[in-house]
Each structure stands twice: as structure tokens, then as C-alpha cells.
>>> print(open('structure-v2.txt').read())   # compact mmCIF, C-alpha atoms
# COMPACT_ATOMS: atom_id res chain seq x y z
CA MET B 1 -95.40 75.17 63.70
CA GLY B 2 -93.88 72.58 61.42
CA ASN B 3 -94.41 68.88 61.94
CA PHE B 4 -91.04 68.17 63.53
CA VAL B 5 -91.99 64.64 64.57
CA LYS B 6 -92.82 63.69 60.98
CA ALA B 7 -89.61 65.24 59.70
CA SER B 8 -87.48 63.55 62.36
CA LYS B 9 -88.96 60.11 61.74
CA ALA B 10 -88.36 60.46 58.01
CA ALA B 11 -84.78 61.73 58.26
CA THR B 12 -83.06 60.14 61.25
CA PRO B 13 -82.86 56.55 59.90
CA ALA B 14 -80.91 57.84 56.87
CA VAL B 15 -78.35 60.01 58.71
CA VAL B 16 -75.14 58.18 59.63
CA HIS B 17 -72.12 58.77 61.81
CA ILE B 18 -68.79 58.99 59.93
CA LYS B 19 -65.52 58.27 61.75
CA THR B 20 -62.22 59.01 60.03
CA THR B 21 -58.62 58.06 60.79
CA TYR B 22 -55.53 59.91 59.57
CA GLU B 23 -51.89 58.91 59.28
CA GLY B 24 -50.23 60.98 61.98
CA SER B 25 -51.99 63.62 64.05
CA GLY B 26 -52.69 67.20 63.08
CA SER B 27 -52.86 66.39 59.36
CA TYR B 28 -56.54 67.02 58.94
CA SER B 29 -58.83 70.02 58.92
CA THR B 30 -62.16 69.14 60.51
CA GLY B 31 -64.07 72.30 59.63
CA VAL B 32 -67.31 71.64 61.48
CA GLY B 33 -66.23 68.06 62.04
CA GLN B 34 -65.28 66.92 65.52
CA GLY B 35 -61.61 66.12 66.11
CA TYR B 36 -60.43 63.71 68.79
CA GLY B 37 -57.63 61.21 69.37
CA ALA B 38 -53.96 62.06 69.71
CA PRO B 39 -53.27 65.80 70.00
CA SER B 40 -49.78 65.12 71.33
CA GLY B 41 -48.72 63.69 67.96
CA ARG B 42 -48.46 60.05 69.10
CA GLY B 43 -50.56 57.58 67.13
CA PRO B 44 -53.15 58.21 64.42
CA ALA B 45 -55.41 61.23 64.53
CA MET B 46 -59.16 60.76 64.33
CA ALA B 47 -62.19 62.90 63.55
CA SER B 48 -65.93 62.58 63.32
CA GLY B 49 -68.76 63.90 61.17
CA SER B 50 -72.10 62.99 59.67
CA GLY B 51 -73.45 61.68 56.37
CA VAL B 52 -76.74 61.07 54.58
CA LEU B 53 -77.83 57.86 52.87
CA ILE B 54 -79.15 58.95 49.47
CA THR B 55 -79.73 55.45 48.05
CA GLY B 56 -80.83 52.15 49.54
CA ASN B 57 -77.68 50.39 48.31
CA GLY B 58 -75.24 52.40 50.38
CA TYR B 59 -74.32 55.68 48.66
CA ILE B 60 -73.70 58.37 51.28
CA ALA B 61 -73.40 62.13 50.84
CA THR B 62 -71.13 64.07 53.19
CA ASN B 63 -68.74 67.03 53.23
CA ASN B 64 -65.35 66.98 51.56
CA HIS B 65 -63.75 68.36 54.72
CA VAL B 66 -65.13 65.43 56.73
CA VAL B 67 -63.20 62.83 54.70
CA GLU B 68 -60.36 64.77 53.04
CA ASN B 69 -56.94 63.13 53.59
CA ALA B 70 -58.50 60.32 55.66
CA SER B 71 -56.63 57.01 55.52
CA GLN B 72 -59.66 55.11 56.80
CA ILE B 73 -63.38 55.88 56.80
CA GLU B 74 -65.92 54.05 58.93
CA VAL B 75 -69.70 54.49 58.81
CA VAL B 76 -71.92 53.75 61.79
CA LEU B 77 -75.64 53.41 61.05
CA PRO B 78 -78.32 54.56 63.51
CA ASP B 79 -78.90 50.87 64.39
CA ASN B 80 -75.17 50.66 65.37
CA ARG B 81 -74.09 48.50 62.44
CA GLN B 82 -70.62 49.48 61.27
CA PHE B 83 -69.18 49.39 57.75
CA PRO B 84 -65.91 50.42 56.13
CA ALA B 85 -66.61 53.06 53.50
CA LYS B 86 -65.06 53.58 50.08
CA LEU B 87 -64.49 57.14 48.88
CA ILE B 88 -66.13 57.38 45.45
CA GLY B 89 -65.13 60.99 44.85
CA ARG B 90 -64.96 64.42 46.39
CA ASP B 91 -65.26 68.01 45.23
CA PRO B 92 -63.43 70.65 47.31
CA ASN B 93 -65.10 73.41 45.28
CA THR B 94 -68.51 72.62 46.77
CA ASP B 95 -67.29 70.82 49.93
CA LEU B 96 -69.14 67.65 48.91
CA ALA B 97 -68.02 64.01 48.89
CA LEU B 98 -69.63 60.69 48.01
CA LEU B 99 -69.03 57.45 49.95
CA LYS B 100 -70.19 53.86 49.40
CA ILE B 101 -70.75 51.06 51.88
CA GLU B 102 -71.52 47.47 50.91
CA ALA B 103 -75.07 47.01 52.17
CA ASP B 104 -78.56 46.79 50.71
CA SER B 105 -82.13 47.63 51.73
CA LEU B 106 -80.96 50.62 53.72
CA PRO B 107 -83.23 53.53 54.67
CA SER B 108 -82.55 56.46 52.36
CA ILE B 109 -83.70 60.03 52.41
CA ARG B 110 -86.04 61.63 49.89
CA LEU B 111 -84.49 64.55 48.02
CA GLY B 112 -86.48 67.78 48.01
CA ASN B 113 -86.21 70.93 45.89
CA SER B 114 -84.03 73.65 47.43
CA ASP B 115 -85.30 76.20 44.90
CA ASN B 116 -88.68 76.02 46.63
CA VAL B 117 -87.24 76.68 50.08
CA GLN B 118 -88.50 79.96 51.52
CA VAL B 119 -86.94 82.24 54.09
CA GLY B 120 -88.86 81.82 57.32
CA GLU B 121 -89.94 78.21 56.83
CA TRP B 122 -89.25 75.61 59.48
CA VAL B 123 -86.40 73.16 58.99
CA VAL B 124 -84.80 70.33 60.95
CA ALA B 125 -81.07 69.51 61.17
CA VAL B 126 -80.00 65.93 61.85
CA GLY B 127 -76.47 64.80 62.65
CA TYR B 128 -73.93 63.65 65.23
CA PRO B 129 -72.65 66.76 67.05
CA PHE B 130 -69.77 66.16 69.47
CA SER B 131 -69.99 62.44 68.53
CA LEU B 132 -73.36 62.14 70.27
CA ASN B 133 -75.87 59.70 68.85
CA THR B 134 -78.43 60.94 66.33
CA THR B 135 -79.42 64.47 67.32
CA VAL B 136 -82.28 66.54 65.91
CA THR B 137 -82.56 70.32 66.15
CA ALA B 138 -85.09 72.71 64.63
CA GLY B 139 -85.02 76.26 63.33
CA ILE B 140 -86.03 78.38 60.39
CA VAL B 141 -84.39 79.28 57.10
CA SER B 142 -82.66 82.58 57.84
CA ALA B 143 -81.39 83.38 54.32
CA LYS B 144 -80.62 81.84 50.94
CA ALA B 145 -77.72 82.13 48.48
CA ARG B 146 -75.37 83.09 51.29
CA SER B 147 -71.61 83.29 50.61
CA ILE B 148 -69.29 83.32 53.65
CA GLY B 149 -65.87 82.66 52.08
CA ILE B 150 -65.26 79.37 53.87
CA ILE B 151 -64.65 76.97 50.95
CA ASN B 152 -60.96 76.61 50.05
CA ARG B 153 -60.05 79.05 52.79
CA PRO B 154 -56.65 78.85 54.51
CA SER B 155 -56.39 76.22 57.23
CA GLN B 156 -54.65 76.60 60.59
CA ASN B 157 -51.79 74.48 59.26
CA GLY B 158 -51.14 76.75 56.28
CA TYR B 159 -52.58 76.95 52.80
CA ALA B 160 -53.76 73.68 51.35
CA ALA B 161 -56.31 74.98 48.86
CA PRO B 162 -56.30 73.56 45.33
CA SER B 163 -54.82 75.78 42.66
CA GLY B 164 -57.50 78.22 41.59
CA ASN B 165 -60.14 78.88 44.21
CA THR B 166 -63.29 77.91 42.33
CA GLY B 167 -65.38 77.53 45.47
CA ILE B 168 -69.15 77.62 44.88
CA GLU B 169 -70.97 79.09 47.87
CA SER B 170 -74.71 79.63 47.81
CA PHE B 171 -75.60 78.33 51.24
CA ILE B 172 -78.98 77.98 52.89
CA GLN B 173 -78.57 79.77 56.21
CA THR B 174 -80.50 78.46 59.20
CA ASP B 175 -80.65 79.01 62.95
CA ALA B 176 -81.16 75.31 63.66
CA ALA B 177 -78.41 74.40 66.16
CA ILE B 178 -75.41 72.88 64.36
CA ASN B 179 -72.15 72.08 66.15
CA PRO B 180 -68.84 70.29 65.46
CA GLY B 181 -69.72 66.81 64.19
CA ASN B 182 -72.84 67.96 62.31
CA SER B 183 -70.88 68.42 59.08
CA GLY B 184 -72.30 66.27 56.28
CA GLY B 185 -75.62 65.79 58.06
CA ALA B 186 -79.10 66.51 56.76
CA LEU B 187 -81.12 69.70 56.65
CA VAL B 188 -84.71 68.69 55.93
CA ASN B 189 -88.06 70.42 55.53
CA THR B 190 -91.08 69.52 57.63
CA ASP B 191 -92.02 66.78 55.15
CA GLY B 192 -88.69 65.07 55.89
CA GLU B 193 -87.24 65.88 52.45
CA LEU B 194 -83.53 66.66 52.17
CA ILE B 195 -83.04 70.31 51.20
CA GLY B 196 -79.39 70.76 52.19
CA ILE B 197 -76.17 69.17 53.43
CA ASN B 198 -75.01 70.91 56.63
CA SER B 199 -71.53 72.26 56.07
CA ALA B 200 -70.46 75.20 58.23
CA ILE B 201 -71.18 77.50 61.13
CA ALA B 202 -70.27 81.13 61.76
CA SER B 203 -69.04 81.46 65.31
CA GLN B 204 -66.43 83.24 67.41
CA THR B 205 -66.02 80.18 69.62
CA GLY B 206 -66.23 77.23 67.21
CA SER B 207 -69.61 76.18 68.61
CA TYR B 208 -73.15 77.12 67.63
CA ALA B 209 -73.89 80.85 67.76
CA GLY B 210 -77.09 81.00 65.74
CA TYR B 211 -75.67 80.91 62.21
CA ALA B 212 -75.39 77.64 60.29
CA PHE B 213 -75.02 76.96 56.59
CA ALA B 214 -76.06 74.09 54.31
CA ILE B 215 -75.25 73.27 50.68
CA PRO B 216 -78.54 73.36 48.70
CA VAL B 217 -79.67 69.94 47.57
CA ASN B 218 -80.23 71.01 43.95
CA LEU B 219 -76.51 71.73 43.66
CA ALA B 220 -75.59 68.63 45.67
CA ARG B 221 -77.74 66.43 43.42
CA LYS B 222 -75.69 67.40 40.36
CA ILE B 223 -72.28 67.19 42.06
CA LEU B 224 -73.02 63.83 43.72
CA GLY B 225 -74.46 62.50 40.45
CA ASP B 226 -71.23 63.37 38.66
CA LEU B 227 -69.11 61.78 41.37
CA ARG B 228 -71.15 58.59 41.19
CA LYS B 229 -71.08 58.40 37.38
CA TYR B 230 -67.62 59.76 36.57
CA GLY B 231 -65.70 59.83 39.86
CA THR B 232 -65.13 63.55 39.28
CA VAL B 233 -67.20 66.66 38.60
CA LYS B 234 -67.99 67.70 35.03
CA ARG B 235 -68.28 71.44 35.45
CA GLY B 236 -69.73 73.65 32.72
CA LEU B 237 -68.28 77.15 32.56
CA LEU B 238 -69.62 80.36 31.08
CA GLY B 239 -66.34 82.30 31.07
CA VAL B 240 -67.24 85.61 32.69
CA SER B 241 -65.79 87.46 35.66
CA PHE B 242 -67.72 89.43 38.23
CA PRO B 243 -67.10 91.03 41.64
CA ALA B 244 -66.54 88.61 44.51
CA PRO B 245 -69.60 88.54 46.82
CA ALA B 246 -67.74 90.30 49.65
CA VAL B 247 -67.02 93.38 47.52
CA GLU B 248 -69.96 93.23 45.11
CA ALA B 249 -71.81 96.26 46.49
CA GLN B 250 -68.61 98.28 46.81
CA TYR B 251 -67.63 97.51 43.22
CA LEU B 252 -70.99 98.65 41.87
CA LEU B 253 -70.70 101.92 43.76
CA GLN B 254 -67.27 102.41 42.19
CA GLN B 255 -68.95 102.10 38.79
CA GLY B 256 -71.53 104.73 39.73
CA LEU B 257 -74.29 102.13 40.13
CA GLN B 258 -76.61 101.65 43.06
CA PRO B 259 -76.45 98.03 44.32
CA GLY B 260 -80.15 98.04 45.13
CA VAL B 261 -81.00 99.11 41.59
CA VAL B 262 -78.83 96.57 39.75
CA LYS B 263 -80.95 93.43 39.64
CA GLY B 264 -78.50 90.80 38.53
CA VAL B 265 -74.77 90.16 38.19
CA TYR B 266 -72.46 92.85 36.80
CA ILE B 267 -69.95 91.38 34.32
CA THR B 268 -66.45 92.78 34.73
CA GLY B 269 -64.88 90.74 31.93
CA VAL B 270 -65.48 88.07 29.29
CA LEU B 271 -62.87 85.41 28.59
CA ASP B 272 -61.73 85.08 24.97
CA ASN B 273 -63.04 81.98 23.17
CA SER B 274 -65.42 81.23 26.05
CA ALA B 275 -69.09 80.31 26.00
CA ALA B 276 -69.93 83.87 27.04
CA ALA B 277 -67.89 85.38 24.19
CA ALA B 278 -69.62 83.11 21.68
CA ALA B 279 -73.00 84.20 23.09
CA GLY B 280 -72.12 87.88 22.59
CA LEU B 281 -71.79 88.93 26.24
CA GLN B 282 -69.60 91.94 26.98
CA GLU B 283 -67.99 93.66 29.94
CA GLY B 284 -70.55 95.91 31.60
CA ASP B 285 -73.52 93.67 30.85
CA VAL B 286 -75.76 92.79 33.79
CA ILE B 287 -77.00 89.19 33.67
CA GLN B 288 -80.47 89.25 35.16
CA SER B 289 -81.74 85.70 34.77
CA ILE B 290 -80.69 82.15 33.87
CA ASP B 291 -83.31 79.92 32.24
CA GLY B 292 -86.01 82.33 33.36
CA VAL B 293 -84.92 82.45 37.02
CA GLN B 294 -84.26 85.97 38.34
CA LEU B 295 -80.77 86.43 39.80
CA ASN B 296 -80.27 88.41 42.99
CA SER B 297 -76.57 87.84 43.70
CA SER B 298 -73.34 86.50 42.23
CA ALA B 299 -73.49 83.61 44.73
CA GLU B 300 -76.80 82.49 43.24
CA PHE B 301 -75.37 82.98 39.74
CA SER B 302 -72.37 80.74 40.51
CA GLU B 303 -74.63 78.03 41.89
CA ARG B 304 -76.94 78.08 38.86
CA ILE B 305 -73.99 77.70 36.47
CA ALA B 306 -72.43 75.00 38.68
CA ARG B 307 -75.52 72.81 38.23
CA HIS B 308 -74.64 72.36 34.54
CA ARG B 309 -72.19 70.22 32.57
CA PRO B 310 -70.11 71.09 29.51
CA GLY B 311 -72.35 71.19 26.44
CA ASP B 312 -75.43 72.30 28.36
CA VAL B 313 -77.22 75.31 26.91
CA VAL B 314 -78.35 78.08 29.25
CA LYS B 315 -80.70 80.92 28.31
CA LEU B 316 -79.58 84.28 29.63
CA THR B 317 -81.38 87.58 29.96
CA TYR B 318 -79.11 90.57 30.38
CA LEU B 319 -79.15 94.34 30.42
CA ARG B 320 -76.94 96.45 28.12
CA ASP B 321 -77.28 100.21 27.72
CA LYS B 322 -80.56 99.96 29.65
CA GLN B 323 -81.92 97.59 26.99
CA ARG B 324 -83.07 94.12 27.97
CA ARG B 325 -81.64 91.39 25.73
CA THR B 326 -81.59 87.59 25.57
CA THR B 327 -79.04 85.05 24.37
CA SER B 328 -78.17 81.37 24.71
CA ALA B 329 -74.74 80.06 25.71
CA THR B 330 -73.33 76.55 25.31
CA LEU B 331 -71.15 75.97 28.36
CA LYS B 332 -67.59 74.77 27.88
CA GLY B 333 -65.49 72.41 30.00
CA GLU B 334 -62.75 73.40 32.41
CA GLU B 335 -59.99 72.26 30.06
CA ALA B 336 -61.22 74.43 27.18
CA THR B 337 -61.71 77.40 29.48
CA ALA B 338 -58.28 76.93 31.05
CA THR B 339 -56.69 76.95 27.59
CA ALA B 340 -58.53 80.13 26.72
CA ARG B 341 -57.45 81.76 29.95
CA GLY B 342 -53.87 80.57 29.44
CA ASN B 343 -53.83 82.31 26.09
CA ALA B 344 -55.42 85.47 27.45
CA ASP B 345 -53.36 88.59 27.78
CA LEU B 346 -52.04 88.94 31.32
CA GLU B 347 -52.32 92.67 30.92
CA LYS B 348 -56.12 92.36 31.08
CA ILE B 349 -55.91 90.67 34.46
CA TYR B 350 -53.43 93.21 35.77
CA ASN B 351 -55.67 96.02 34.58
CA LYS B 352 -58.45 94.58 36.70
CA LEU B 353 -56.16 94.22 39.69
CA GLY B 354 -54.86 97.74 39.16
CA ALA B 355 -51.49 96.91 40.70
CA SER B 356 -47.86 96.29 39.82
CA PHE B 357 -45.39 94.18 41.77
CA ALA B 358 -41.71 93.99 42.67
CA PRO B 359 -39.46 91.67 44.72
CA VAL B 360 -39.41 92.25 48.47
CA PRO B 361 -36.07 93.67 49.65
CA ASP B 362 -34.09 91.21 51.77
CA ALA B 363 -34.01 93.67 54.67
CA ILE B 364 -37.82 93.71 54.87
CA LYS B 365 -37.94 89.90 54.66
CA GLN B 366 -35.59 89.67 57.62
CA GLN B 367 -37.53 92.29 59.55
CA LEU B 368 -40.82 90.42 59.08
CA ASN B 369 -39.23 86.95 59.25
CA LEU B 370 -40.48 86.07 55.75
CA GLN B 371 -39.13 83.32 53.53
CA ALA B 372 -40.92 84.65 50.44
CA GLY B 373 -43.20 87.43 49.26
CA VAL B 374 -43.86 89.99 46.54
CA LEU B 375 -44.22 93.72 47.17
CA VAL B 376 -47.20 95.69 45.86
CA LYS B 377 -45.26 98.48 44.14
CA GLU B 378 -48.09 100.62 42.82
CA VAL B 379 -51.89 100.70 43.17
CA ARG B 380 -53.84 102.43 40.42
CA ARG B 381 -57.10 104.23 41.08
CA GLY B 382 -60.23 102.27 40.17
CA GLY B 383 -58.61 98.83 40.15
CA PHE B 384 -59.55 95.97 42.47
CA PHE B 385 -56.73 96.66 44.95
CA ASP B 386 -57.86 100.27 45.20
CA GLN B 387 -61.50 99.27 45.66
CA VAL B 388 -60.81 96.93 48.57
CA GLY B 389 -58.23 99.22 50.17
CA ILE B 390 -54.99 97.30 49.53
CA PRO B 391 -52.25 99.98 49.58
CA SER B 392 -48.84 100.03 47.98
CA GLY B 393 -46.24 98.55 50.32
CA THR B 394 -48.43 95.51 51.02
CA ILE B 395 -46.62 92.17 50.71
CA ILE B 396 -48.34 89.29 48.89
CA ALA B 397 -47.28 86.07 50.65
CA PHE B 398 -49.62 83.38 49.27
CA ILE B 399 -51.90 83.06 46.24
CA ASN B 400 -54.29 80.09 46.36
CA GLY B 401 -52.16 78.36 48.94
CA LYS B 402 -48.84 78.69 47.15
CA THR B 403 -46.00 80.98 48.17
CA VAL B 404 -44.99 83.70 45.72
CA ASP B 405 -41.50 85.18 45.65
CA SER B 406 -41.32 87.10 42.37
CA PRO B 407 -43.59 88.96 39.94
CA GLN B 408 -43.26 85.92 37.64
CA ASP B 409 -44.72 83.74 40.40
CA ILE B 410 -47.74 86.05 40.42
CA ASP B 411 -48.05 85.71 36.64
CA ARG B 412 -48.10 81.92 36.94
CA ALA B 413 -50.53 81.98 39.87
CA LEU B 414 -52.99 84.21 38.02
CA LEU B 415 -52.90 82.06 34.89
CA SER B 416 -53.05 78.73 36.72
CA ALA B 417 -56.10 79.88 38.68
CA GLN B 418 -58.10 79.15 35.52
CA ASN B 419 -61.48 80.15 36.87
CA GLY B 420 -63.30 81.42 39.90
CA ILE B 421 -61.85 83.33 42.85
CA ILE B 422 -58.17 83.98 43.47
CA GLN B 423 -57.47 83.93 47.19
CA VAL B 424 -54.61 86.09 48.45
CA LEU B 425 -52.91 86.21 51.83
CA ALA B 426 -51.12 89.51 52.31
CA ILE B 427 -49.22 91.44 54.95
CA ALA B 428 -50.31 95.08 55.20
CA PRO B 429 -47.74 97.85 55.76
CA ASP B 430 -48.71 97.94 59.45
CA GLY B 431 -47.82 94.23 59.77
CA SER B 432 -51.39 92.90 59.99
CA ARG B 433 -52.37 89.80 58.01
CA VAL B 434 -55.29 90.08 55.60
CA VAL B 435 -57.02 87.59 53.30
CA PHE B 436 -59.01 88.79 50.30
CA ASP B 437 -60.57 87.31 47.16
CA PHE B 438 -60.45 88.44 43.55
CA SER B 439 -63.06 86.90 41.25
CA LEU B 440 -62.00 85.66 37.82
CA GLY B 441 -65.53 84.48 37.09
CA THR B 442 -67.36 81.27 36.31
>>> encode(input="structure-v2.txt", output="C-alpha cells")
Amino acid sequence: MGNFVKASKAATPAVVHIKTTYEGSGSYSTGVGQGYGAPSGRGPAMASGSGVLITGNGYIATNNHVVENASQIEVVLPDNRQFPAKLIGRDPNTDLALLKIEADSLPSIRLGNSDNVQVGEWVVAVGYPFSLNTTVTAGIVSAKARSIGIINRPSQNGYAAPSGNTGIESFIQTDAAINPGNSGGALVNTDGELIGINSAIASQTGSYAGYAFAIPVNLARKILGDLRKYGTVKRGLLGVSFPAPAVEAQYLLQQGLQPGVVKGVYITGVLDNSAAAAAGLQEGDVIQSIDGVQLNSSAEFSERIARHRPGDVVKLTYLRDKQRRTTSATLKGEEATATARGNADLEKIYNKLGASFAPVPDAIKQQLNLQAGVLVKEVRRGGFFDQVGIPSGTIIAFINGKTVDSPQDIDRALLSAQNGIIQVLAIAPDGSRVVFDFSLGT
């Protein structure tokens, strides 16, 4: 058994309660935060979450969804002192945010190394579930590099995702009990070191069902460091596309490859003028390691790249024609990669999608009570739509949170996505609503 008492004593003084206020009710998405206040729409809405003191002078790590759109943020320390908090910066793509309170000599948590975390080891979660005072729960690490498609997903109030779903998901999964209000709290090892920021749960009811997810601290360290230094995230990009995690195994089977045999990430495309192109990578290569670390999934690959800034050099080992090769790539910034993608031939993207589009007839719009939408006219065998079972006759309603009403809207949405995963909300021919992702890479 782990030393839970030691871990709890080390972590609890540094985990804080975050209370947020919003202009008007219903304008926030709490995720695993705890909403309360004015559901009837009268007066300001309020919500609650957790945070972690990472420095003694008042810098606090939390989730983006805990503080997004908040008009006021208040931090309550475990000793009941209360401080207004300033939002230093936030990153929707990792669901992280950095706050600052004006105080000194505060207890702070010691950062661990999430790369060393092992499946099966004991961990402790600390936070403020259901607005209770500091609460400690224990469990084990159930899995690593887990992607669950929660970042930049559609909210109940519609699509509010930033243009271009570049969400980075490589969660530590644990069965330590986490409930609404735990978001932004600490996941620590038995030495009391921070190994993750609790972010999400998988549940049919909205409460704990045995599956909780935390952002690994090695990724958080880089993102929070950027927010503190620059106020924004400096993200280095390689410029390759690969199957989204949800369809990774299915895609490999379509290529005649056994998922269990392919040790690494299968590259489905290389962006012109990107870091990957300069390093000599090609479609069909399988990237097996980054800086000597073996890759087991695209989620892990995305996280490893996301830890770097533009100008950083990464060493890659990849497989081509059954031959093992090595190369180095100098990562480029988002602006340079966006320009390259903007100049790329749309035909390449459409070839990957394997679909063509047409306007939705007015009669169908009226029948389905739609204000907008684009009809999937044709689905070609072997393309992404074919692989994930999207048939012709499907109606595309939203791409990355924006309505589409013409094939030209789809052109603009694909090009403006820049990088990462394109998220599509569609209406199947039988009238059911489906959400699926298409990876444009990292």
C-alpha cells in the first residue's frame, strides 16, 4: 500500500478552491466543475472547481473549463483566506489555465515526472468535489496516454470550440474518485509529488463511475511555463497527419496493417514546407520514437510534440519499407504551419476525406428544421468517410463549432483548421446526430 498519509499531508495545503462568477446564467460550461447559483436565469451564474499552487508567490494551475468566460475568479485557500485571482492565460487545447493571487510564502506542491508514472501504482486525488472542503481520495493508475475526445467537444449550449480542434489528449487514467468540483485539482504520487491535473471523468450520470482523467504534469509544466512567460502557448509543430485515436486501429486495418504489429504512429500525410517535409518524412512512414522514447499511440505522439516550442529539434526514428531510419526535425510555429496549410492543395485534403459535397435542398432543410447544412453527395471507397461509416446523404451541420451552408464553407473550415483534429457534427440519413473527428496532424 502507498503512504497515503504522507501524500495527503504534502498535497492538501497546496490545493485551493476556485469560485467563478459569470455575467448571466447558463453562459458557462463547467465540465467537471460544479455549477450552482441561478438556474432560472435571474442574477449571475456561479461555478466551482479546484486549483493547485505551483509557486510560493501565488501562481495556480487549474483547468481552462473551470475559468473560461468567468467575469470574476475567487480563490479560497485551505486555511480559508480568500483572494481575487487574475487570469494569466489559458489554453483550450490542453484544458489548462494559469491564475495568480497576490500573496507570498504560500505552500506549493512539488512537481513530479509523469513519464515515470506506472500503470498500477497508487495515486491520490485532492480537490473540492461538490464544493466540499479539501477532499482526498485514493486509487491506482489505470492507464496512460488515454484519449477520450473531451477537449474542444461540443457543449450543451452549442458549439463553442475554437477554430481548428487542436486538442492534445494524453490523459493519465485513474480510479481515484473524482466528482464535479475536482476539476483543476491535484493527482499526486505517494511521495506527494504532482503528476497530473485532474480534468475529466467518464460517466453516464455526471458523477464518479470509476474512470477519471488527469493531464500529465510534464505537459502541464511546459504549457503553464509558456502562459507565465508569454501569456500564450508557443506550440512547436511537426506538420504531419495521422489517424485520430478513435479510428486509429480501423485505419491501419484498412491499409492492410495489423494494429498490434505497427509499433508507432502511421503518417497519412506530410504538410508542404513543414518541419516534417524538411526532415524527409513521407506518407506511409511509421514514426516509432521521439528523442529515444518509444511511441505506442498517436495520443502519446501528440503530447510529446506539444511539449516543444518552435525552433526545438526533435530526433525521430521511423520505419519505411521495413527499414528503420532516423532523422531530426526543427519544429515550426503555428503561424508558419498555418501559412503552409493555407497554400496546400485542397484536393489533397478532400482525397483523404474521400467525399464530395453539395448544398442541402430546401425541402430537406424544412423537413429536418435546419437553418444550414451541407449534403455529403458522394463517398469514395478507402477515404476517411468510408472508413468510419459516414454514408452519402449525411448532412454536415457544424465543423469546429461553426455552421456550414455551402461547399465553399467546408473549404474555408478545412483550411482554417490549420492543424490537429477537425470536429464534425453531422445528421445521418436516419436522422440521428453523430460527432466524429478527422485528424489533420500535429
>>> residues_around(input="structure-v2.txt", residues="Gln423 in chain B", least_positions_apart="3", cutoff="6 Å", atoms="only C-alpha atoms", output="MDAnalysis selection string")
chainID B and resid 399:400 436:437
>>> closest_residue(input="structure-v2.txt", among="B:Ser108, B:Ser356, B:Ser8, B:Gln288", to="Arg324 in chain B", atoms="all atoms listed in the file")
B:Gln288
>>> residues_around(input="structure-v2.txt", residues="Leu425 in chain B", least_positions_apart="3", cutoff="8 Å", atoms="all atoms listed in the file", output="list of chain:residue names")
B:Ile396, B:Ala397, B:Phe398, B:Ile399, B:Arg433, B:Val434, B:Val435, B:Phe436
>>> residues_around(input="structure-v2.txt", residues="Val404 in chain B", least_positions_apart="4", cutoff="12 Å", atoms="all atoms listed in the file", output="short mmCIF file (atom, residue, chain, number, x, y, z; two decimals) with C-alpha atoms, in the coordinates of the input")
data_model
loop_
_atom_site.label_atom_id
_atom_site.label_comp_id
_atom_site.auth_asym_id
_atom_site.auth_seq_id
_atom_site.Cartn_x
_atom_site.Cartn_y
_atom_site.Cartn_z
CA PHE B 357 -45.39 94.18 41.77
CA ALA B 358 -41.71 93.99 42.67
CA PRO B 359 -39.46 91.67 44.72
CA VAL B 360 -39.41 92.25 48.47
CA LEU B 370 -40.48 86.07 55.75
CA GLN B 371 -39.13 83.32 53.53
CA ALA B 372 -40.92 84.65 50.44
CA GLY B 373 -43.20 87.43 49.26
CA VAL B 374 -43.86 89.99 46.54
CA LEU B 375 -44.22 93.72 47.17
CA ILE B 395 -46.62 92.17 50.71
CA ILE B 396 -48.34 89.29 48.89
CA ALA B 397 -47.28 86.07 50.65
CA PHE B 398 -49.62 83.38 49.27
CA ILE B 399 -51.90 83.06 46.24
CA ASN B 400 -54.29 80.09 46.36
CA GLN B 408 -43.26 85.92 37.64
CA ASP B 409 -44.72 83.74 40.40
CA ILE B 410 -47.74 86.05 40.42
CA ASP B 411 -48.05 85.71 36.64
CA ARG B 412 -48.10 81.92 36.94
CA ALA B 413 -50.53 81.98 39.87
CA LEU B 414 -52.99 84.21 38.02
CA VAL B 424 -54.61 86.09 48.45
CA LEU B 425 -52.91 86.21 51.83
CA ALA B 426 -51.12 89.51 52.31
#
>>> residues_near_point(input="structure-v2.txt", point="(-66.2, 49.6, 63.2)", cutoff="7 Å", atoms="all atoms listed in the file", output="mmCIF file with C-alpha atoms, keeping the file's coordinate frame")
data_model
loop_
_atom_site.group_PDB
_atom_site.id
_atom_site.type_symbol
_atom_site.label_atom_id
_atom_site.label_comp_id
_atom_site.auth_asym_id
_atom_site.auth_seq_id
_atom_site.Cartn_x
_atom_site.Cartn_y
_atom_site.Cartn_z
ATOM 1 C CA GLU B 74 -65.920 54.050 58.930
ATOM 2 C CA GLN B 82 -70.620 49.480 61.270
ATOM 3 C CA PHE B 83 -69.180 49.390 57.750
#
>>> residues_near_point(input="structure-v2.txt", point="(-69.7, 55.7, 49.2)", cutoff="9 Å", atoms="only C-alpha atoms", output="PyMOL selection string")
chain B and resi 58-61+85-89+97-102+228
>>> write_last_selection(input="structure-v2.txt", atoms="C-alpha atoms", output="PDB file, in the frame of the given file")
ATOM      1  CA  GLY B  58     -75.240  52.400  50.380  1.00  0.00           C
ATOM      2  CA  TYR B  59     -74.320  55.680  48.660  1.00  0.00           C
ATOM      3  CA  ILE B  60     -73.700  58.370  51.280  1.00  0.00           C
ATOM      4  CA  ALA B  61     -73.400  62.130  50.840  1.00  0.00           C
ATOM      5  CA  ALA B  85     -66.610  53.060  53.500  1.00  0.00           C
ATOM      6  CA  LYS B  86     -65.060  53.580  50.080  1.00  0.00           C
ATOM      7  CA  LEU B  87     -64.490  57.140  48.880  1.00  0.00           C
ATOM      8  CA  ILE B  88     -66.130  57.380  45.450  1.00  0.00           C
ATOM      9  CA  GLY B  89     -65.130  60.990  44.850  1.00  0.00           C
ATOM     10  CA  ALA B  97     -68.020  64.010  48.890  1.00  0.00           C
ATOM     11  CA  LEU B  98     -69.630  60.690  48.010  1.00  0.00           C
ATOM     12  CA  LEU B  99     -69.030  57.450  49.950  1.00  0.00           C
ATOM     13  CA  LYS B 100     -70.190  53.860  49.400  1.00  0.00           C
ATOM     14  CA  ILE B 101     -70.750  51.060  51.880  1.00  0.00           C
ATOM     15  CA  GLU B 102     -71.520  47.470  50.910  1.00  0.00           C
ATOM     16  CA  ARG B 228     -71.150  58.590  41.190  1.00  0.00           C
TER      17      ARG B 228
END
>>> closest_residue(input="structure-v2.txt", among="B:Pro180, B:Val124, B:Phe301, B:Val388", to="Val5 in chain B", atoms="only C-alpha atoms")
B:Val124
>>> closest_residue(input="structure-v2.txt", among="B:Ser203, B:Val217, B:Gly127, B:Phe4", to="Arg110 in chain B", atoms="only C-alpha atoms")
B:Val217
>>> atom_distance(input="structure-v2.txt", atom1="CA of Val119 in chain B", atom2="CA of Leu316 in chain B")
25.6 Å
>>> closest_residue(input="structure-v2.txt", among="B:Asn80, B:Ser199, B:Ser114, B:Ser170", to="Asn64 in chain B", atoms="all atoms listed in the file")
B:Ser199
>>> residues_around(input="structure-v2.txt", residues="Lys234 in chain B", least_positions_apart="6", cutoff="10 Å", atoms="all atoms listed in the file", output="list in words")
Lys222, Ile223, Gly225, Asp226, Leu227, Ala306, Arg307, His308, Arg309, Pro310, Gly333 and Glu334 of chain B
>>> closest_residue(input="structure-v2.txt", among="B:Asn369, B:Ser298, B:Ser289, B:Gln118", to="Leu319 in chain B", atoms="all atoms listed in the file")
B:Ser289
